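Student: Mind having a look at this structure? Questions to follow.
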Amino acid sequence: MVTGSCLCGAVRWRVDGPLTEMTHCHCSMCRKIHGAPFATYAAVDPETVTFLSGKDHTSFFESSPGAMRAFCSRCGSVVPFPGDSEMPVGGLDGDPGARPEAHIFAAFQAPWHVIADDLPRHDIWGEEMEGPVIDMPTRAAPEEDILHGSCLCNAIAYEVPSRFKRVHNCHCSRCRKARAAAHTTNGFLDIDDLRFTRGEDHLKLWHLPGARYFAQSFCSLCGSVMPRHDRGRMVAVIPFGSLDSDPGRSADDHVFVGSRAPWYDFADHLPRHDEMPP
Ligand SMILES: [Zn+2]
Ligand SMILES: [Zn+2]
Ligand SMILES: [Zn+2]
C-alpha cells in the first residue's frame, strides 16, 4: 500500500494494488502540465485506488481528445485522474516498488534534456500503441535571444531572455510533489526579465505555508506549471517544461540529491549537490 498527495495536501489518495510498467514520458503535454523535463507514470488497476480527500479541490483538463488530466486547484500539483489506469508517481509518498522500464515519446524529448540512462527508448509508446500520435504543442518560436513559453491550454504566454544565471535540476521533496515528477528543471533570471504577454489573470500562485520562498505558479485552466516572480529572492523562476523555445542549454547540476525519489537513478555526469550550492 502506498499513499500519495498533492503538495498542499488537499488531494490525497491510497493505492492498494501494485504499480507496474513505470515509464518516463517525454511528450510535450506531460512536460507542460508537470513543468518538468519528463513525467513518470505507472500502470495501476483503478479499482485499487481510493481517493481519501480533495474532491472539491480537483480540477480537470482534457489535454487531447479523450485524455483527461487532473490537478489540485489550490496548489497546481498533477494528481491522478479518477478511474485512470495510469498514475503519476511523483506525488506518491515512500517507495512504490516499481522502477522505470522505458522512456516513451522519446522522439519528443526536450532539446535541453539529455536522456543518459540505458532504459529502452520508444519514439512513441511501444509497438502495441494504436491510433494517432498526439503531441500537441509545437509553438516554435524564432531562434533569437528572447525565449517564448506557454501553458498547455495556451491561455498564458510569456517571454524571457535566454541569459539564465543558473539552471538546476531540483530533487527536493517539495519540487517533486509540486510537479508530480522525478525532478524539476528550473532556470533563474533577474526578476524583471520575466514578462507575461497573455493571460496573466489566469495565473494562480500558491505559497507553501512556513516556507520562505517556495511557491507554485500554475494556469488555473489547465494546471500547467508557470514561471513566477519571486520577490523574496528577487529572481524570476522559469520551469523549463513550459518553454516553447530551445534555451540552448541544459541544467548546470542536480540539487538536493539526498531527497531524490527512491525510483530515480542518476545516469548523467552533471555535478550533484546535497543542497543548493551557494
Ligand atoms: Zn494541492
Ligand atoms: Zn506524456
Ligand atoms: Zn493553461
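By convention in this document, the chains of the C-alpha cells carry letters A, B, ... by their order, each chain's residues are numbered from 1, and ligands are numbered from 1 in the order they are shown.
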Give me the residues within 9 Å of stretch 2-4 of chain A as a PyMOL selection string, counting only C-alpha atoms and dropping any in the same chain fewer than 4 places off.

Tutor: chain A and resi 11-17+79+89-96

Student: Once you count only C-alpha atoms and all ligand atoms, which residues end up within 7 Å of ligand 3, and could you hand them over as a PDB file with N, CA and C atoms, in the first residue's frame?

Tutor:
ATOM      1  N   CYS A 151       1.444  27.889 -21.397  1.00  0.00           N
ATOM      2  CA  CYS A 151       0.837  26.738 -20.744  1.00  0.00           C
ATOM      3  C   CYS A 151       0.228  25.831 -21.809  1.00  0.00           C
ATOM      4  N   LEU A 152      -0.182  24.663 -21.412  1.00  0.00           N
ATOM      5  CA  LEU A 152      -0.687  23.694 -22.391  1.00  0.00           C
ATOM      6  C   LEU A 152      -1.954  24.172 -23.091  1.00  0.00           C
ATOM      7  N   CYS A 153      -2.851  24.830 -22.357  1.00  0.00           N
ATOM      8  CA  CYS A 153      -4.098  25.293 -22.992  1.00  0.00           C
ATOM      9  C   CYS A 153      -3.888  26.579 -23.779  1.00  0.00           C
ATOM     10  N   ASN A 154      -2.677  27.149 -23.664  1.00  0.00           N
ATOM     11  CA  ASN A 154      -2.267  28.315 -24.449  1.00  0.00           C
ATOM     12  C   ASN A 154      -2.931  29.614 -23.986  1.00  0.00           C
ATOM     13  N   ALA A 155      -3.595  29.596 -22.846  1.00  0.00           N
ATOM     14  CA  ALA A 155      -4.207  30.827 -22.339  1.00  0.00           C
ATOM     15  C   ALA A 155      -3.145  31.807 -21.847  1.00  0.00           C
ATOM     16  N   ILE A 156      -2.054  31.260 -21.315  1.00  0.00           N
ATOM     17  CA  ILE A 156      -0.992  32.097 -20.738  1.00  0.00           C
ATOM     18  C   ILE A 156       0.269  31.967 -21.590  1.00  0.00           C
ATOM     19  N   CYS A 219      -1.346  27.546 -14.292  1.00  0.00           N
ATOM     20  CA  CYS A 219      -2.524  28.004 -15.034  1.00  0.00           C
ATOM     21  C   CYS A 219      -3.764  27.417 -14.372  1.00  0.00           C
ATOM     22  N   SER A 220      -4.690  28.279 -13.996  1.00  0.00           N
ATOM     23  CA  SER A 220      -5.885  27.802 -13.303  1.00  0.00           C
ATOM     24  C   SER A 220      -6.799  27.015 -14.246  1.00  0.00           C
ATOM     25  N   LEU A 221      -6.589  27.136 -15.566  1.00  0.00           N
ATOM     26  CA  LEU A 221      -7.441  26.436 -16.530  1.00  0.00           C
ATOM     27  C   LEU A 221      -6.936  25.036 -16.854  1.00  0.00           C
ATOM     28  N   CYS A 222      -5.608  24.905 -17.038  1.00  0.00           N
ATOM     29  CA  CYS A 222      -5.076  23.605 -17.471  1.00  0.00           C
ATOM     30  C   CYS A 222      -4.111  22.990 -16.458  1.00  0.00           C
ATOM     31  N   GLY A 223      -3.692  23.749 -15.464  1.00  0.00           N
ATOM     32  CA  GLY A 223      -2.824  23.207 -14.420  1.00  0.00           C
ATOM     33  C   GLY A 223      -1.339  23.240 -14.760  1.00  0.00           C
ATOM     34  N   SER A 224      -0.977  23.696 -15.967  1.00  0.00           N
ATOM     35  CA  SER A 224       0.454  23.742 -16.319  1.00  0.00           C
ATOM     36  C   SER A 224       1.220  24.631 -15.348  1.00  0.00           C
TER      37      SER A 224
END

Student: Give me, as a list in words, all polymer residues having an atom no more than 12 Å from A:Leu119, counting only C-alpha atoms and skipping those fewer than 4 positions away in the same chain.

Tutor: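 Listing them by chain and then by number gives Met22, Thr23, His24, Arg99, Pro100, Glu101, Ala102, His103, Ile104, Ala106, Ile115, Asp265 and Ala267 of chain A.
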
Student: From a backbone DSSP assignment, name each residue in stretch 11-123 of chain A labelled strand (DSSP E or B), as JSON, numbers by chain.

Tutor: {"A": [12, 13, 14, 15, 20, 21, 22, 23, 24, 25, 39, 40, 41, 42, 43, 49, 50, 51, 52, 53, 58, 59, 60, 61, 62, 63, 64, 67, 68, 69, 70, 71, 72, 78, 79, 86, 87, 88, 92, 100, 101, 102, 103, 104, 121]}

Student: Write a file of the just-selected residues containing C-alpha atoms, as a short mmCIF file (atom, residue, chain, number, x, y, z; two decimals), in the first residue's frame.

Tutor:
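Written file, result-v2.cif:
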data_model
loop_
_atom_site.label_atom_id
_atom_site.label_comp_id
_atom_site.auth_asym_id
_atom_site.auth_seq_id
_atom_site.Cartn_x
_atom_site.Cartn_y
_atom_site.Cartn_z
CA ARG A 12 -4.92 12.53 -1.04
CA TRP A 13 -5.16 9.01 -2.33
CA ARG A 14 -4.18 5.46 -1.47
CA VAL A 15 -3.10 2.68 -3.80
CA THR A 20 3.65 -1.71 -12.81
CA GLU A 21 5.04 -0.68 -16.21
CA MET A 22 6.60 2.53 -14.98
CA THR A 23 7.73 4.78 -17.82
CA HIS A 24 9.23 8.23 -18.25
CA CYS A 25 7.08 10.19 -20.69
CA ALA A 39 6.79 12.85 -16.27
CA THR A 40 6.81 9.37 -14.78
CA TYR A 41 3.69 7.24 -14.86
CA ALA A 42 2.89 3.71 -13.76
CA ALA A 43 0.06 1.39 -14.68
CA VAL A 49 -7.10 3.45 -5.95
CA THR A 50 -9.04 5.19 -3.21
CA PHE A 51 -9.31 8.96 -3.03
CA LEU A 52 -9.17 9.98 0.62
CA SER A 53 -9.79 13.71 0.23
CA THR A 58 -9.62 18.71 -8.09
CA SER A 59 -9.75 20.40 -11.49
CA PHE A 60 -9.72 18.64 -14.83
CA PHE A 61 -8.31 19.41 -18.25
CA GLU A 62 -8.73 17.44 -21.48
CA SER A 63 -5.17 17.54 -22.80
CA SER A 64 -6.00 15.68 -26.00
CA ALA A 67 -7.21 12.14 -22.39
CA MET A 68 -8.13 13.77 -19.11
CA ARG A 69 -5.66 15.25 -16.67
CA ALA A 70 -6.37 16.20 -13.07
CA PHE A 71 -4.65 18.78 -10.88
CA CYS A 72 -5.14 20.34 -7.48
CA VAL A 78 -0.80 16.99 -11.02
CA VAL A 79 -2.89 14.29 -9.30
CA GLU A 86 -2.10 5.44 -15.49
CA MET A 87 -0.88 7.24 -12.38
CA PRO A 88 1.76 9.95 -12.00
CA LEU A 92 3.50 9.24 -4.13
CA PRO A 100 11.16 2.82 -14.60
CA GLU A 101 11.27 0.40 -17.52
CA ALA A 102 11.40 2.67 -20.55
CA HIS A 103 11.28 6.15 -21.99
CA ILE A 104 8.22 6.85 -24.10
CA ARG A 121 13.59 4.37 -25.68
#

Student: Counting only C-alpha atoms and all ligand atoms, which residues in chain A sit no more than 6 Å from ligand 1? For each one, give the nearest pair of atoms and the distance in Å, sorted by chain then residue number, as CSV.

Tutor:
residue,atom,partner,partner_atom_place_in_ligand_line,distance
A:Cys6,CA,ligand 1,1 (Zn),4.5
A:Leu7,CA,ligand 1,1 (Zn),5.1
A:Cys8,CA,ligand 1,1 (Zn),3.9
A:Gly9,CA,ligand 1,1 (Zn),5.3
A:Ala10,CA,ligand 1,1 (Zn),4.8
A:Val11,CA,ligand 1,1 (Zn),5.8
A:Cys72,CA,ligand 1,1 (Zn),4.5
A:Arg74,CA,ligand 1,1 (Zn),5.0
A:Cys75,CA,ligand 1,1 (Zn),4.1
A:Ser77,CA,ligand 1,1 (Zn),5.9

Student: What is the atom CA of A:Phe164 to atom CA of A:His229 distance in Å?

Tutor: 14.4 Å

Student: Residues at most 7 Å from A:Asn169, counting only C-alpha atoms, excluding those fewer than 4 positions away in the same chain, as a CSV table (one decimal) with N, CA and C atoms, in the first residue's frame?

Tutor:
chain,number,residue,atom,x,y,z
A,183,HIS,N,12.0,15.2,-10.9
A,183,HIS,CA,12.7,16.4,-10.5
A,183,HIS,C,12.2,17.6,-11.4
A,184,THR,N,12.5,18.8,-11.0
A,184,THR,CA,12.2,19.9,-11.8
A,184,THR,C,13.5,20.3,-12.6
A,185,THR,N,13.3,21.1,-13.6
A,185,THR,CA,14.4,21.8,-14.2
A,185,THR,C,14.0,23.3,-14.2
A,186,ASN,N,14.6,24.1,-13.4
A,186,ASN,CA,14.2,25.5,-13.3
A,186,ASN,C,15.4,26.4,-13.6
A,251,ALA,N,20.6,21.9,-17.8
A,251,ALA,CA,20.8,22.2,-16.4
A,251,ALA,C,22.3,22.2,-16.1
A,253,ASP,N,23.4,21.4,-12.9
A,253,ASP,CA,23.7,20.4,-11.9
A,253,ASP,C,22.4,19.8,-11.4
A,254,HIS,N,22.5,18.8,-10.5
A,254,HIS,CA,21.4,18.3,-9.7
A,254,HIS,C,21.5,18.8,-8.3
A,255,VAL,N,20.4,19.3,-7.7
A,255,VAL,CA,20.5,19.8,-6.3
A,255,VAL,C,19.5,19.1,-5.5

Student: Find, counting only C-alpha atoms and all ligand atoms, the residue in A:Leu208, A:Asp117, A:Arg166, A:Gly241 that gets nearest to ligand 2.

Tutor: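 Closest to ligand 2, using only C-alpha atoms and all ligand atoms: A:Gly241.
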
Student: Using only C-alpha atoms and all ligand atoms, which protein or nucleic acid residues are at most 6 Å from ligand 2, as a PDB file with N, CA and C atoms, in the first residue's frame?

Tutor:
ATOM      1  N   CYS A  25       7.706   9.662 -19.477  1.00  0.00           N
ATOM      2  CA  CYS A  25       7.079  10.191 -20.694  1.00  0.00           C
ATOM      3  C   CYS A  25       7.646  11.571 -21.029  1.00  0.00           C
ATOM      4  N   HIS A  26       8.126  11.702 -22.260  1.00  0.00           N
ATOM      5  CA  HIS A  26       8.761  12.948 -22.702  1.00  0.00           C
ATOM      6  C   HIS A  26       7.860  13.768 -23.611  1.00  0.00           C
ATOM      7  N   CYS A  27       6.589  13.411 -23.710  1.00  0.00           N
ATOM      8  CA  CYS A  27       5.706  14.156 -24.615  1.00  0.00           C
ATOM      9  C   CYS A  27       5.575  15.600 -24.123  1.00  0.00           C
ATOM     10  N   MET A  29       3.059  17.426 -23.813  1.00  0.00           N
ATOM     11  CA  MET A  29       1.927  17.689 -22.911  1.00  0.00           C
ATOM     12  C   MET A  29       2.326  17.404 -21.468  1.00  0.00           C
ATOM     13  N   CYS A  30       2.996  16.267 -21.254  1.00  0.00           N
ATOM     14  CA  CYS A  30       3.478  15.970 -19.903  1.00  0.00           C
ATOM     15  C   CYS A  30       4.465  17.039 -19.439  1.00  0.00           C
TER      16      CYS A  30
END

Student: Excluding A:Leu243 and any residue of its chain fewer than 4 positions from it, enumerate the residues within 10 Å of it, using only C-alpha atoms, and give them as a PDB file with C-alpha atoms, in the first residue's frame.

Tutor:
ATOM      1  CA  SER A  28       5.280  17.904 -24.676  1.00  0.00           C
ATOM      2  CA  ARG A  31       6.345  18.443 -19.931  1.00  0.00           C
ATOM      3  CA  LYS A  32       3.978  21.399 -19.848  1.00  0.00           C
ATOM      4  CA  GLY A  35       6.563  21.739 -15.673  1.00  0.00           C
ATOM      5  CA  ALA A 110      13.022  18.454 -24.640  1.00  0.00           C
ATOM      6  CA  ARG A 139       4.703  26.657 -30.945  1.00  0.00           C
ATOM      7  CA  ALA A 140       8.121  27.032 -32.464  1.00  0.00           C
ATOM      8  CA  ALA A 141       9.394  30.486 -31.845  1.00  0.00           C
ATOM      9  CA  LEU A 147      12.536  32.752 -25.468  1.00  0.00           C
ATOM     10  CA  HIS A 148       8.826  32.056 -25.524  1.00  0.00           C
ATOM     11  CA  GLY A 149       6.802  29.880 -23.210  1.00  0.00           C
ATOM     12  CA  SER A 150       3.173  28.993 -22.647  1.00  0.00           C
ATOM     13  CA  CYS A 151       0.837  26.738 -20.744  1.00  0.00           C
ATOM     14  CA  ALA A 157       2.173  33.057 -22.604  1.00  0.00           C
ATOM     15  CA  TYR A 158       5.409  34.722 -21.553  1.00  0.00           C
ATOM     16  CA  GLU A 159       8.777  35.913 -22.807  1.00  0.00           C
ATOM     17  CA  VAL A 160      12.169  35.756 -21.148  1.00  0.00           C
ATOM     18  CA  MET A 226       4.157  28.549 -14.976  1.00  0.00           C
ATOM     19  CA  PRO A 227       7.049  30.929 -14.218  1.00  0.00           C
ATOM     20  CA  ILE A 238      11.252  29.597 -15.075  1.00  0.00           C
ATOM     21  CA  PRO A 239      10.162  25.941 -15.253  1.00  0.00           C
ATOM     22  CA  PRO A 247      17.020  27.784 -24.362  1.00  0.00           C
TER      23      PRO A 247
END

Student: Can you check which residues of stretch 70-274 of chain A DSSP gives as helix (DSSP H, G or I) on the backbone and send them as an mmCIF file with C-alpha atoms, in the first residue's frame?

Tutor:
data_model
loop_
_atom_site.group_PDB
_atom_site.id
_atom_site.type_symbol
_atom_site.label_atom_id
_atom_site.label_comp_id
_atom_site.auth_asym_id
_atom_site.auth_seq_id
_atom_site.Cartn_x
_atom_site.Cartn_y
_atom_site.Cartn_z
ATOM 1 C CA ALA A 106 11.409 9.948 -26.597
ATOM 2 C CA ALA A 107 11.150 11.406 -30.104
ATOM 3 C CA PHE A 108 9.660 14.475 -28.459
ATOM 4 C CA SER A 173 10.557 16.633 -1.924
ATOM 5 C CA ARG A 174 8.646 19.885 -2.378
ATOM 6 C CA CYS A 175 9.572 20.179 -6.038
ATOM 7 C CA ARG A 176 8.789 16.518 -6.618
ATOM 8 C CA LYS A 177 5.335 16.864 -5.092
ATOM 9 C CA ALA A 178 4.658 20.194 -6.742
ATOM 10 C CA ARG A 179 5.464 18.811 -10.193
ATOM 11 C CA ILE A 191 13.090 39.323 -11.561
ATOM 12 C CA ASP A 192 12.347 41.934 -14.218
ATOM 13 C CA ASP A 193 13.342 39.574 -17.033
ATOM 14 C CA GLU A 200 -1.769 36.698 -16.638
ATOM 15 C CA ASP A 201 -5.190 36.809 -14.984
ATOM 16 C CA HIS A 202 -5.396 33.011 -15.368
ATOM 17 C CA PHE A 240 11.879 24.741 -18.423
ATOM 18 C CA GLY A 241 8.970 22.400 -19.108
ATOM 19 C CA SER A 242 6.885 25.439 -20.058
ATOM 20 C CA VAL A 257 20.071 14.910 -4.452
ATOM 21 C CA GLY A 258 19.682 13.422 -0.957
ATOM 22 C CA SER A 259 15.924 13.844 -1.370
#
